[in-house]
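Presented below is the structure to which this report refers.
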Amino acid sequence: MKSLKFFGLGSVMALLLVSGCKPKGTETAVTGDAAERVYVAPGKYDEYYNFVSGGFNGQVNVYGLPSGRLLKVLPVFSQNPENGYGYSEETKPMLETSHGFIPWDDQHHLSLSQTNGEVDGRWLFANANNTPRVARLDLKTFKTVEILEIPNSAGNHSSPFLTENTEYVVAGTRFAVPTDDQSGDVPIESFKSNFKGVLSFIGIDKQSGEMDLSFQIEAPGINFDLSHAGKKKSGDWFFFSCYNSEKANTLLEVNASQNDKDFIMAVNWKKAAELVKAGKGRKVTTEYAHNKFDESTHTATSTMKKEVIVLSVEDMKDAMFMIPCPKSPHGCDVDPTGEYIVGSGKLAALIPVFSFDKMIKAIADKNFAGEFDGVKVIKYEAALHGEVQKPGLGPLHTEFDGKGNAYTSMFVSSEVVKWNIKDLKVLDRQPTFYSVGHLMIPGGDSAKPFGKYLVAYNKITKDRYLPTGPELAQSAQLYDISGDKMKLLLDFPTFGEPHYAQALPGDMLKDQVKFFRIEDNKHPYATKGEAESKVVREGNKVHVYMTSIRSHFAPDNIEGIRVGDEVYFHVTNLEQDWDIPHGFAIKGAQNAELLIMPGETCTLKWMPKKPGMYPMYCTDFCSALHQEMQGYVRVSPAGSNTPLIYSLNNKKDNAQSPVKAGETK
Amino acid sequence: MKNNSLKKITRIALVFCGCALIVSIFVPLWSIYLTAPQYPEGLAMYLWPNKITGEYEIINGLNHYIGMKTIQPEDFWEFKVLPYALAFFALLCFLTALFNRKLWLFITLVLFLIFGVAFMVDFWLWEYDYGHDLDPTAPIVVPGMSYQPPLLGYKQLLNFGAYSYPNVGGGIMFGVALILAILAWVEYRKTSAT
Ligand SMILES: [Cu+2]
């Protein structure tokens, strides 16, 4: 037997030598018309928006498909000096948490809102892994408008996945932790008794999209990895992949890989919601921030919430079940019909596919193999539709094309594998470059995939682009999946580390906001016309009611600021025209600049440290006279009595005399 | 006596003209469109009998570079008069049809033509004023350049292409003038034939 293996290896080596020593690169994998297929001529739009998670940069990147052009970087969980997000007084509350201000996170997964299981182009939900949070972005403005912190959780990984009518967004904890009302100050040794895996169900208001932490389920203390809601017939259910059923707490790479099977956990969220309505569950005292951005005041507020309802395993005994799943399942994906649930055991040499109908039947027949921490375990074979044999190495995630095919990313063997959901036969495999993690088909996790392109998001890019020192960009690769065989069309670099992504047709997002109407600006410090511009001193706080319009600020010169003052520049962009933001920057500012959208008001806090003359200017080249859009702030020593004066549209007045006296309150 | 009365068709046409003129009070008279490389979507401005709509605020913002006065609806005394003028001509059409006199038809035609010409001249004078009365301290001064938009048709003004043409109301005014002229001609020929 051994000699046979050697023989096999030897022949592979010989083949490699004959074929030029090196595996084939993409140069040969790309077919002739690839360039044509991804070329979007100047003046033409891409077909799809592709929203790609930024991983450790905490942002969301928007690409056009098929061109792979970067359209926009949306700040969500990270401060962004480009536009002052998280630095301006209005947006600082967005990053408040029960741990205080947190200016970064690790953003992994995205979900587009759905109606009847189909993407509807209203909102985009994003998770923060590190300090558990879920964000909602409004696709009319491409702005982050809401961030909700998740209590009783750590490592918000199986999130933010949505039910088919956007009733709930889920946030499953990756780390089992003691709940917030139990002190976390316990020995790690007590893991098995003290640590719980909490799943959060965040209700979403149908009209406004506003999130509200409706209830949580205190599941056994295992690690929840990924999830997906069912759809159509399985629409009442949520499925979570779980690892570390061993409940190990050290050297997990070995100790959490002992059991041959971990679980997919099935939760009937509709029943859970009914249980909560019926008064089940205990009220857990905790603390979590709910941050909202009001588009009329252009201002975010942060409120701290104190309580959450938690259902126990006991409450959920008829609404929560475990399905054994081989070897540390990662992706947990439901096909467009809602019948098949694909678990990807990342250490398994096969892909198990479960049947929803069989699962329901097994529950009805009480076809259980036992219990895990009080949760009934359905027999593996009873729920299994079948296994995809020899799909490749390291299956992670699966998306669907809506034509009965599934596509699974293979991390270890660096490839995408296409297989038929019904007969589980492998149909095609294409290499990726290299080490693919997530993959995405526009609408590929919905009831209606668009099925034209597939994008693989790879972890490693060496030799793909011009080298950039020890750190290289991650890469995305675009495949045409409209035919029988996948065709590699393009690769393009992505920033941060891409995880899950979503995409939708460009024409779905047609009625976007082009500017904010100045009449609707309810910001308490808005200045709705130049004549209203003023400077007001309140003790050591100075409020500058400033306007910007092509190509000047009003006021453009201010004197009488003292060291020790807190100066608030409330800048209102008076433009009522698409794509005319103005910037605002001042020398020595320790936070950031502002980038103010037309009709919006933003506030920069500035605390000058020493006397001097401080220029301020517009940072966005707004017009031919952009460079003239500037002014000065004179800072005098603390305690000096330089009068507070400012100049306002001092036209043709080349003299230095300012024209107005500031108010003092 | 008979000679002095109008054909039935003429009277119907007069009632039609009167109705059309009433409609013209409530629709835009004229459109001005501006396009530029950085405004691929274009900027539109509509002159109604009593107001200006469209993106004239944005146009004002752009015009300040060349020192053009801002367009303010309250500056136009015409907005206080035009709706009544149009109503007057509508009434005149109805009365002509009612009184059934050729002389009235000829008077209506002449008055309306005078009104139409005056309207166009007035419009042209406004355009001349906006295009020529420029702030000498404007940021951009191109020697010898004026920015008078076209009365009708297209004109290139620096980086902007300016289009000017009648909207529904303007079309009605031209149409009514034409119909009145034809009616007057037909009725005049009827007179000379007998
Ligand atoms: Cu500017």
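By convention here, the chains of the structure tokens are called A, B, ... in the order presented, each chain's residues are numbered starting at 1, and ligands are numbered starting at 1 in the order presented.
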Given a cut-off of 10 Å, which residues of chain B touch chain A, counting only C-alpha atoms, written out as a PyMOL selection string?
-> chain B and resi 39+55+57-58+61-62+64-65+137+139-140
Exercise answer, 9 Å around ligand 1 with only C-alpha atoms and all ligand atoms, as an MDAnalysis selection string = chainID A and resid 548:553 580:584 617:623 625:630
Please run DSSP on the backbone and report, as an NGL selection string, all residues within stretch 12-182 of chain B that come out as helix (DSSP H, G or I).
-> :B and (12-24 or 56-63 or 73-75 or 78-99 or 102-132 or 168-182)
Leaving out stretch 368-375 of chain A and any residue of its chain fewer than 4 positions from it, which residues lie within 9 Å of it when counting only C-alpha atoms, given as a ChimeraX atom specification?
-> /A:219-221,245,313-314,316-317,320-322,362-363,379-380,382
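The neighbours of stretch 34-36 of chain B here are the residues that come within 6 Å of it, using only C-alpha atoms and leaving out any residue fewer than 5 positions away in the same chain; they are Gly42, Leu43, Asn159, Phe160, Gly161 and Ala162 of chain B.
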For the residues in that selection, give me C-alpha atoms as a PDB file, in the first residue's frame.
```
ATOM      1  CA  GLY B  42     -28.260  69.826 -17.254  1.00  0.00           C
ATOM      2  CA  LEU B  43     -29.840  72.735 -15.403  1.00  0.00           C
ATOM      3  CA  ASN B 159     -18.397  76.473 -20.836  1.00  0.00           C
ATOM      4  CA  PHE B 160     -22.196  76.469 -20.885  1.00  0.00           C
ATOM      5  CA  GLY B 161     -24.462  75.664 -23.765  1.00  0.00           C
ATOM      6  CA  ALA B 162     -27.673  77.656 -23.353  1.00  0.00           C
TER       7      ALA B 162
END
```
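Relative to atom CA of A:Gly444, atom CA of A:Phe356 is found at 18.8 Å.
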